[in-house]
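*Asks:* run06.cif is the file, holding mmCIF, C-alpha atoms:
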```
data_structure
#
loop_
_atom_site.label_atom_id
_atom_site.label_comp_id
_atom_site.auth_asym_id
_atom_site.auth_seq_id
_atom_site.Cartn_x
_atom_site.Cartn_y
_atom_site.Cartn_z
CA MET P 1 97.99 143.37 107.75
CA PRO P 2 100.71 141.67 105.64
CA ASN P 3 99.69 139.80 102.52
CA VAL P 4 99.03 136.15 103.46
CA LYS P 5 100.76 133.74 101.10
CA LYS P 6 98.67 130.82 99.86
CA PHE P 7 99.79 127.47 98.49
CA MET P 8 97.82 124.56 97.07
CA VAL P 9 99.44 121.13 96.99
CA SER P 10 98.38 117.88 95.35
CA GLY P 11 99.99 114.48 95.77
CA GLY P 12 98.49 111.11 96.56
CA GLY P 13 97.58 107.56 95.75
CA THR P 14 100.74 106.19 97.34
CA GLY P 15 103.10 107.21 100.12
CA GLY P 16 105.65 108.02 97.41
CA HIS P 17 103.47 110.96 96.31
CA ILE P 18 101.97 111.87 99.70
CA PHE P 19 105.19 112.19 101.69
CA PRO P 20 106.90 114.68 99.33
CA ALA P 21 103.68 116.74 99.26
CA LEU P 22 103.59 116.88 103.06
CA ALA P 23 107.31 117.59 103.32
CA ILE P 24 107.02 120.55 100.93
CA ALA P 25 103.94 121.86 102.77
CA ASN P 26 105.69 121.63 106.14
CA GLU P 27 108.76 123.41 104.81
CA LEU P 28 106.58 126.18 103.33
CA LYS P 29 104.89 126.52 106.73
CA ALA P 30 108.28 126.79 108.42
CA THR P 31 109.41 129.43 105.90
CA TYR P 32 106.13 131.39 105.94
CA PRO P 33 104.54 130.77 109.39
CA ASN P 34 101.37 132.73 108.51
CA CYS P 35 100.78 131.12 105.12
CA GLU P 36 97.67 129.13 104.21
CA ILE P 37 98.04 125.69 102.64
CA GLU P 38 95.32 123.42 101.27
CA PHE P 39 95.55 120.07 99.51
CA VAL P 40 93.69 118.42 96.65
CA GLY P 41 93.43 114.62 96.46
CA ALA P 42 91.42 111.82 94.89
CA GLN P 43 88.31 110.58 96.65
CA GLY P 44 88.80 107.17 98.27
CA ARG P 45 92.61 107.31 98.15
CA MET P 46 94.91 107.27 101.17
CA GLU P 47 95.64 111.01 101.07
CA MET P 48 92.04 111.72 102.11
CA GLU P 49 92.84 110.22 105.53
CA ARG P 50 96.55 110.93 105.84
CA ILE P 51 96.58 114.65 105.00
CA PRO P 52 93.92 115.73 107.57
CA ARG P 53 95.84 113.80 110.25
CA GLU P 54 98.72 116.19 109.59
CA GLY P 55 96.43 119.16 110.21
CA TYR P 56 95.76 120.25 106.62
CA THR P 57 92.47 120.76 104.74
CA ILE P 58 92.04 118.53 101.68
CA HIS P 59 89.51 118.68 98.84
CA GLY P 60 88.58 115.39 97.15
CA LEU P 61 88.15 114.97 93.39
CA PRO P 62 86.17 112.15 91.75
CA ILE P 63 89.17 111.40 89.51
CA VAL P 64 90.40 107.84 88.90
CA GLY P 65 93.35 106.41 87.02
CA LEU P 66 93.18 104.64 83.69
CA ASN P 67 92.76 100.89 84.04
CA ARG P 68 95.36 99.20 81.82
CA GLN P 69 93.79 95.76 82.19
CA SER P 70 90.16 96.54 81.41
CA MET P 71 88.96 99.02 78.80
CA ALA P 72 85.37 98.65 80.09
CA ALA P 73 86.49 100.01 83.46
CA ASN P 74 87.58 103.23 81.70
CA LEU P 75 84.13 104.15 80.33
CA LYS P 76 83.45 106.52 83.24
CA PHE P 77 86.92 108.08 83.12
CA PRO P 78 86.06 111.02 80.77
CA VAL P 79 83.05 112.01 82.90
CA LYS P 80 85.08 111.87 86.12
CA LEU P 81 87.88 113.86 84.52
CA ILE P 82 85.49 116.61 83.35
CA ARG P 83 83.86 116.78 86.78
CA SER P 84 87.29 116.93 88.44
CA ILE P 85 88.41 119.77 86.18
CA ALA P 86 85.23 121.73 86.98
CA HIS P 87 85.76 121.12 90.70
CA CYS P 88 89.39 122.28 90.47
CA ARG P 89 88.30 125.54 88.85
CA LYS P 90 85.86 126.14 91.70
CA ILE P 91 88.47 125.33 94.38
CA LEU P 92 91.12 127.56 92.80
CA LYS P 93 88.74 130.49 92.34
CA SER P 94 87.73 130.27 95.97
CA PHE P 95 91.18 129.78 97.52
CA GLN P 96 93.23 131.88 95.05
CA PRO P 97 96.66 130.34 95.72
CA ASP P 98 99.90 132.10 94.83
CA VAL P 99 101.50 128.83 93.66
CA VAL P 100 100.20 125.31 92.98
CA ILE P 101 102.55 122.34 93.58
CA GLY P 102 102.00 118.82 92.24
CA THR P 103 103.91 115.75 93.42
CA GLY P 104 101.99 113.16 91.38
CA GLY P 105 98.89 111.01 91.80
CA PHE P 106 95.47 111.08 90.11
CA ALA P 107 94.42 114.51 91.39
CA SER P 108 97.65 116.30 90.58
CA GLY P 109 97.04 116.37 86.81
CA PRO P 110 93.62 118.09 86.74
CA LEU P 111 94.66 120.59 89.43
CA LEU P 112 97.84 121.71 87.67
CA TYR P 113 96.10 121.77 84.28
CA VAL P 114 93.38 124.14 85.54
CA ALA P 115 95.88 126.27 87.47
CA GLN P 116 97.91 126.74 84.28
CA LEU P 117 94.77 127.72 82.34
CA MET P 118 94.03 130.31 85.05
CA GLY P 119 97.59 131.72 84.94
CA ILE P 120 98.56 130.49 88.41
CA PRO P 121 102.27 129.50 88.65
CA THR P 122 102.74 125.73 88.94
CA VAL P 123 105.63 123.59 90.19
CA ILE P 124 106.05 119.89 89.37
CA GLN P 125 107.98 117.56 91.65
CA GLU P 126 108.86 114.49 89.58
CA GLN P 127 110.23 111.73 91.81
CA ASN P 128 111.14 109.11 89.21
CA SER P 129 113.91 108.80 86.64
CA TYR P 130 111.27 108.37 83.92
CA ALA P 131 108.55 111.03 83.80
CA GLY P 132 104.91 109.99 83.51
CA ILE P 133 102.66 111.10 80.63
CA THR P 134 100.73 113.67 82.70
CA ASN P 135 103.81 115.42 84.07
CA LYS P 136 105.41 115.51 80.61
CA ARG P 137 102.36 117.34 79.24
CA LEU P 138 102.14 119.72 82.18
CA GLY P 139 105.87 120.44 82.09
CA ALA P 140 105.61 122.76 79.08
CA LYS P 141 103.68 125.37 81.09
CA ALA P 142 105.11 124.71 84.56
CA LYS P 143 107.34 127.41 86.02
CA ALA P 144 109.75 124.94 87.64
CA ILE P 145 110.25 121.17 87.49
CA CYS P 146 112.03 119.60 90.46
CA VAL P 147 113.71 116.27 89.68
CA ALA P 148 115.75 113.64 91.51
CA TYR P 149 117.77 112.27 88.59
CA GLU P 150 120.15 113.68 86.00
CA GLY P 151 119.15 113.73 82.34
CA MET P 152 115.50 114.66 82.92
CA HIS P 153 115.63 117.36 80.24
CA GLN P 154 114.75 114.56 77.80
CA PHE P 155 111.20 114.83 79.21
CA PHE P 156 110.95 118.53 80.07
CA PRO P 157 112.11 121.94 78.81
CA LYS P 158 115.77 122.04 79.88
CA GLU P 159 115.63 125.58 81.32
CA LYS P 160 112.86 124.58 83.76
CA VAL P 161 114.52 121.45 85.15
CA HIS P 162 116.20 121.68 88.57
CA LEU P 163 118.01 118.80 90.29
CA THR P 164 116.62 119.04 93.81
CA GLY P 165 116.31 115.41 94.89
CA ASN P 166 113.28 113.89 96.59
CA PRO P 167 112.20 114.95 100.10
CA VAL P 168 113.15 112.40 102.76
CA ARG P 169 111.37 111.92 106.08
CA PRO P 170 112.97 113.93 108.94
CA ALA P 171 113.09 110.80 111.11
CA ILE P 172 115.51 109.27 108.60
CA LEU P 173 117.46 112.44 107.83
CA ASN P 174 118.01 113.21 111.51
CA SER P 175 118.37 109.67 112.84
CA ASN P 176 121.20 109.03 115.28
CA THR P 177 120.05 105.60 116.41
CA SER P 178 122.79 102.95 116.64
CA ALA P 179 122.73 99.50 115.07
CA GLU P 180 123.08 97.90 118.50
CA GLU P 181 120.19 99.86 120.01
CA SER P 182 117.96 99.18 116.99
CA LYS P 183 118.74 95.45 116.92
CA ARG P 184 117.77 95.21 120.57
CA GLU P 185 114.43 96.91 119.87
CA PHE P 186 113.62 94.43 117.10
CA GLY P 187 114.83 91.48 119.19
CA LEU P 188 117.68 90.71 116.78
CA ASP P 189 120.97 89.00 117.59
CA LEU P 190 123.64 91.70 117.97
CA ASN P 191 126.35 89.56 116.40
CA LYS P 192 124.62 88.21 113.29
CA PRO P 193 124.51 89.94 109.89
CA THR P 194 121.03 91.26 109.10
CA LEU P 195 119.19 91.20 105.79
CA LEU P 196 116.44 93.85 105.71
CA VAL P 197 113.64 93.00 103.26
CA LEU P 198 111.25 95.74 102.08
CA GLY P 199 108.38 95.03 99.71
CA GLY P 200 106.41 98.23 100.34
CA SER P 201 103.56 98.82 102.79
CA LEU P 202 101.22 96.37 101.03
CA GLY P 203 103.98 93.85 100.38
CA ALA P 204 105.31 92.20 97.23
CA ARG P 205 104.18 88.63 96.59
CA ARG P 206 107.15 87.65 94.42
CA ILE P 207 109.71 88.99 96.91
CA ASN P 208 107.93 87.23 99.78
CA GLU P 209 108.01 83.93 97.90
CA ALA P 210 111.71 84.36 97.23
CA ILE P 211 112.54 85.15 100.86
CA GLU P 212 110.50 82.20 102.07
CA SER P 213 112.62 79.93 99.86
CA LEU P 214 115.82 81.52 101.26
CA ILE P 215 115.12 80.76 104.93
CA ASP P 216 117.16 77.54 105.03
CA TRP P 217 120.05 79.28 103.24
CA ALA P 218 119.93 82.14 105.77
CA LYS P 219 119.99 79.68 108.68
CA GLU P 220 122.99 77.87 107.17
CA LYS P 221 124.86 81.16 106.65
CA ASP P 222 123.87 82.46 110.10
CA VAL P 223 122.05 85.45 108.59
CA GLN P 224 118.97 86.90 110.29
CA ILE P 225 116.10 88.40 108.29
CA LEU P 226 114.16 91.52 109.31
CA TRP P 227 111.24 91.24 106.93
CA GLN P 228 108.49 93.76 106.15
CA CYS P 229 106.18 91.43 104.24
CA GLY P 230 103.14 93.73 103.88
CA LYS P 231 99.76 93.58 105.54
CA LEU P 232 98.24 91.53 102.70
CA TYR P 233 100.64 88.64 103.34
CA TYR P 234 101.42 88.83 107.05
CA GLU P 235 98.81 86.44 108.48
CA ALA P 236 99.49 83.65 105.99
CA LEU P 237 103.27 83.93 106.45
CA GLU P 238 103.02 84.11 110.23
CA THR P 239 100.91 80.94 110.26
CA LYS P 240 103.32 79.15 107.93
CA LEU P 241 106.57 80.22 109.60
CA GLY P 242 105.51 80.32 113.25
CA ASN P 243 108.31 81.59 115.49
CA HIS P 244 111.04 80.64 113.06
CA PRO P 245 114.44 81.45 114.63
CA GLY P 246 116.32 84.11 112.71
CA VAL P 247 113.22 85.41 110.90
CA PHE P 248 111.62 88.59 112.26
CA LEU P 249 108.37 89.11 110.38
CA HIS P 250 106.45 92.42 110.35
CA ALA P 251 103.38 93.47 108.37
CA PHE P 252 104.68 97.04 108.41
CA ILE P 253 107.65 98.77 110.05
CA SER P 254 106.89 102.31 111.18
CA ASP P 255 110.34 103.12 112.62
CA MET P 256 112.20 102.77 109.35
CA ASN P 257 115.20 104.71 110.65
CA LYS P 258 115.75 101.91 113.19
CA ALA P 259 115.18 99.18 110.60
CA TYR P 260 117.77 100.77 108.31
CA ALA P 261 120.22 101.00 111.23
CA CYS P 262 119.94 97.21 111.77
CA ALA P 263 120.68 96.32 108.16
CA ASP P 264 123.92 94.99 106.75
CA ILE P 265 122.31 94.33 103.35
CA ILE P 266 118.96 95.68 102.10
CA LEU P 267 116.65 94.00 99.61
CA SER P 268 114.01 96.43 98.35
CA ARG P 269 111.59 97.58 95.70
CA ALA P 270 112.77 100.59 93.69
CA GLY P 271 110.16 103.28 94.35
CA ALA P 272 111.59 106.79 94.06
CA GLY P 273 110.98 107.70 97.71
CA THR P 274 112.58 104.50 98.95
CA ILE P 275 115.63 105.03 96.74
CA SER P 276 116.08 108.56 98.10
CA GLU P 277 115.99 107.15 101.64
CA LEU P 278 118.45 104.40 100.73
CA ALA P 279 120.88 107.02 99.40
CA ILE P 280 120.76 108.83 102.75
CA ILE P 281 121.34 105.54 104.61
CA GLY P 282 124.06 104.26 102.26
CA LYS P 283 123.76 100.52 102.96
CA PRO P 284 124.60 97.89 100.27
CA THR P 285 121.36 97.28 98.43
CA ILE P 286 119.81 94.84 95.99
CA LEU P 287 116.84 96.33 94.13
CA ILE P 288 114.00 94.20 92.77
CA PRO P 289 111.76 96.66 90.87
CA SER P 290 108.04 96.08 90.58
CA PRO P 291 107.20 95.35 86.92
CA ASN P 292 103.56 96.34 87.53
CA VAL P 293 103.93 100.13 87.58
CA ALA P 294 103.36 102.80 84.92
CA GLU P 295 106.13 103.09 82.31
CA ASP P 296 108.08 100.44 84.29
CA HIS P 297 109.55 103.40 86.18
CA GLN P 298 110.93 101.32 89.08
CA THR P 299 113.25 99.46 86.72
CA LYS P 300 114.40 102.78 85.29
CA ASN P 301 114.97 104.13 88.84
CA ALA P 302 117.06 101.05 89.67
CA LEU P 303 119.07 101.27 86.44
CA ALA P 304 119.99 104.88 87.27
CA LEU P 305 121.68 103.56 90.44
CA VAL P 306 123.26 100.57 88.71
CA GLU P 307 124.89 102.94 86.17
CA LYS P 308 126.54 104.73 89.12
CA LYS P 309 127.60 101.36 90.62
CA ALA P 310 125.48 102.27 93.66
CA ALA P 311 123.20 99.20 93.83
CA LEU P 312 122.58 95.76 92.35
CA LEU P 313 119.50 95.02 90.22
CA ILE P 314 117.63 91.73 90.00
CA ARG P 315 114.51 91.63 87.84
CA GLU P 316 111.54 89.65 89.12
CA SER P 317 112.02 87.13 86.31
CA GLU P 318 115.57 86.48 87.59
CA ILE P 319 114.84 86.05 91.30
CA ASP P 320 114.96 82.26 91.39
CA SER P 321 118.17 82.00 89.39
CA ARG P 322 120.11 84.89 90.95
CA LEU P 323 118.97 86.02 94.40
CA GLU P 324 120.68 83.42 96.60
CA ALA P 325 123.96 83.56 94.68
CA ASP P 326 124.02 87.39 94.58
CA LEU P 327 123.29 87.63 98.31
CA GLU P 328 126.00 85.11 99.14
CA ARG P 329 128.59 86.90 97.00
CA LEU P 330 127.71 90.24 98.59
CA LEU P 331 127.84 88.76 102.07
CA GLN P 332 131.35 87.39 101.46
CA ASP P 333 132.72 90.44 99.64
CA GLU P 334 133.30 93.28 102.12
CA PRO P 335 135.12 95.56 99.62
CA ARG P 336 132.11 95.28 97.26
CA ARG P 337 129.70 96.17 100.05
CA LYS P 338 131.84 99.17 100.96
CA SER P 339 132.07 100.29 97.33
CA LEU P 340 128.27 100.09 96.87
CA SER P 341 127.71 102.05 100.08
CA GLU P 342 130.12 104.82 99.13
CA ALA P 343 128.63 105.20 95.64
CA LEU P 344 125.09 105.29 97.04
CA LEU P 345 125.94 107.94 99.64
CA LYS P 346 127.29 110.18 96.86
CA LEU P 347 123.78 110.30 95.34
CA ALA P 348 122.12 111.58 98.53
CA ILE P 349 120.54 115.05 98.53
CA PRO P 350 119.58 115.64 102.18
CA ASP P 351 118.36 119.24 101.63
CA ALA P 352 115.91 118.37 98.83
CA THR P 353 112.87 119.94 100.50
CA GLN P 354 114.66 123.23 101.13
CA ARG P 355 115.85 123.32 97.50
CA ILE P 356 112.27 122.89 96.27
CA VAL P 357 110.92 125.66 98.50
CA LYS P 358 113.67 128.03 97.31
CA LEU P 359 112.45 127.49 93.74
CA ILE P 360 108.86 128.24 94.83
CA GLU P 361 109.76 131.53 96.54
CA PRO P 362 110.34 133.64 93.36
CA LEU P 363 106.96 132.53 91.96
CA ILE P 364 104.92 134.09 94.78
CA LYS P 365 102.98 137.18 93.71
#
```
Translate the structure of the given file into structure tokens.

*Replies:*
Amino acid sequence: MPNVKKFMVSGGGTGGHIFPALAIANELKATYPNCEIEFVGAQGRMEMERIPREGYTIHGLPIVGLNRQSMAANLKFPVKLIRSIAHCRKILKSFQPDVVIGTGGFASGPLLYVAQLMGIPTVIQEQNSYAGITNKRLGAKAKAICVAYEGMHQFFPKEKVHLTGNPVRPAILNSNTSAEESKREFGLDLNKPTLLVLGGSLGARRINEAIESLIDWAKEKDVQILWQCGKLYYEALETKLGNHPGVFLHAFISDMNKAYACADIILSRAGAGTISELAIIGKPTILIPSPNVAEDHQTKNALALVEKKAALLIRESEIDSRLEADLERLLQDEPRRKSLSEALLKLAIPDATQRIVKLIEPLIK
């Protein structure tokens, strides 16, 4: 009987960590059909539901993140970290993986730390243009570090850094849906320009407030708005707006390939996964980074695109003074829209998942 290859993957907390983890696991499964893959996540986080739905086993750790607002909330952190490390040792001894892959999230740190202590090869997939503290510390002993931005050797040993890009959902990579077909599905006018607004699955309060204030402007300019406002804000906005003509409100859009196809201009947060999708799509984009994330990494992600003249950046503090004027200029300036699209498409790495798996292959025992 041939030696069965085993892989352990950890990534969670947000879709930006979970999707790359699943994409890598699925590509490993396609490359090694008889391999065994198990996941490690944080108890109570979304990976504990999402990963089993994809057919994989997941082990939950009691780990939590540090609370930057309340020091009192961190009193239990050391105990939970120690318990998580002990649990990781037990899981790794039992499963004995050939390689351990971390894509970020609370559980990824303890798992890779213990794997490195045990001499198991580890691979880090860093999605952002600014590496987090945990990944920077783990990078010294990792065998390979897969990144999506140039210049990441400032955080990691240069010889271990590989520009692979971030995995992108197959539905977006392989989409052949037309703008006309997609607009019909969403009930949009086929002849009006469409602004697609994305504030993440939970929504972004500041972006929602800004779009609400733009509705009269959009009506005057004959622009329709396809708006993913987030489940936290949907009911209140639906009640307030009613069936407002030209505004198509959704708590969450599952068929993102079709939403992207509708768009003439995209207004979005600057999460790493979203930016990788936007590069594949290549539509003119205005990024409004969330200022409430670790190391302000969304702003750094956005700046990496701005430096390449591939997107526009508006900080949350500038929304009221800039958003309407920037949108209007972009709407009227077709050469600028074309230039942004072309520059963004140049940053796309559609084979990111395959590149990552090729780096994992030499590490297998």

*Asks:* So what does the PyMOL selection byres ((chain P and resi 19-36) around 9) actually pick up in this one, as a ChimeraX atom specification?

*Replies:* /P:4-12,14-18,37-39,51,54,97,101-104,125,127,166-170,273,353-354,356-357

*Asks:* Please list as a ChimeraX atom specification every residue within 10 Å of Asp326 (chain P), counting all atoms listed in the file and excluding residues in the same chain fewer than 6 positions away.

*Replies:* /P:286,312-314,319

*Asks:* Taking 2 positions as the minimum chain separation for residues in the same chain, which residues sit within 7 Å of region 141-152 of chain P when counting only C-alpha atoms? Answer as an mmCIF file with C-alpha atoms, in the frame of the given file.

*Replies:*
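Final output, part.cif:
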```
data_model
loop_
_atom_site.group_PDB
_atom_site.id
_atom_site.type_symbol
_atom_site.label_atom_id
_atom_site.label_comp_id
_atom_site.auth_asym_id
_atom_site.auth_seq_id
_atom_site.Cartn_x
_atom_site.Cartn_y
_atom_site.Cartn_z
ATOM 1 C CA GLN P 116 97.910 126.740 84.280
ATOM 2 C CA PRO P 121 102.270 129.500 88.650
ATOM 3 C CA THR P 122 102.740 125.730 88.940
ATOM 4 C CA VAL P 123 105.630 123.590 90.190
ATOM 5 C CA ILE P 124 106.050 119.890 89.370
ATOM 6 C CA GLN P 125 107.980 117.560 91.650
ATOM 7 C CA GLU P 126 108.860 114.490 89.580
ATOM 8 C CA GLN P 127 110.230 111.730 91.810
ATOM 9 C CA ASN P 128 111.140 109.110 89.210
ATOM 10 C CA SER P 129 113.910 108.800 86.640
ATOM 11 C CA LEU P 138 102.140 119.720 82.180
ATOM 12 C CA GLY P 139 105.870 120.440 82.090
ATOM 13 C CA GLN P 154 114.750 114.560 77.800
ATOM 14 C CA PHE P 155 111.200 114.830 79.210
ATOM 15 C CA PHE P 156 110.950 118.530 80.070
ATOM 16 C CA LYS P 160 112.860 124.580 83.760
ATOM 17 C CA VAL P 161 114.520 121.450 85.150
ATOM 18 C CA HIS P 162 116.200 121.680 88.570
ATOM 19 C CA LEU P 163 118.010 118.800 90.290
ATOM 20 C CA THR P 164 116.620 119.040 93.810
ATOM 21 C CA GLY P 165 116.310 115.410 94.890
ATOM 22 C CA ASN P 166 113.280 113.890 96.590
ATOM 23 C CA ILE P 356 112.270 122.890 96.270
#
```

*Asks:* As AutoDock Vina command-line options, please report the centre and edge lengths, rounded to one decimal in Å, of the axis-aligned box that holds all listed atoms of region 192-205 of chain P with 8 Å of padding on each of the six sides.

*Replies:*
```
--center_x 112.9 --center_y 93.5 --center_z 104.9 --size_x 39.4 --size_y 26.6 --size_z 32.7
```

*Asks:* Which polymer residues have any atom within 6 Å of an atom of Ala279 (chain P), counting only C-alpha atoms, with same-chain residues fewer than 3 positions away left out, as a ChimeraX atom specification?

*Replies:* /P:276,282,344-345,347-348

*Asks:* State, in Å with one decimal place, the distance from CA of Ser290 (chain P) to CA of Ser317 (chain P).

*Replies:*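 According to the coordinates, CA of Ser290 (chain P) and CA of Ser317 (chain P) are separated by 10.7 Å.
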
*Asks:* As an exercise, work out the distance from CA of Phe77 (chain P) to CA of Glu49 (chain P) in Å and give it to one decimal place.

*Replies:* 23.3 Å

*Asks:* Applied to this file, what does the PyMOL selection byres ((chain P and resi 187-203) around 7) return in terms of residues, put as a list in words?

*Replies:*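 That expression, the PyMOL selection byres ((chain P and resi 187-203) around 7), corresponds here to Glu180, Lys183, Arg184, Glu185, Phe186, Ala204, Arg205, Ile207, Asp222, Val223, Gln224, Ile225, Leu226, Trp227, Gln228, Cys229, Gly230, Lys231, Leu232, Tyr233, Phe252, Cys262, Ala263, Asp264, Ile265, Ile266, Leu267, Ser268 and Arg269 of chain P.
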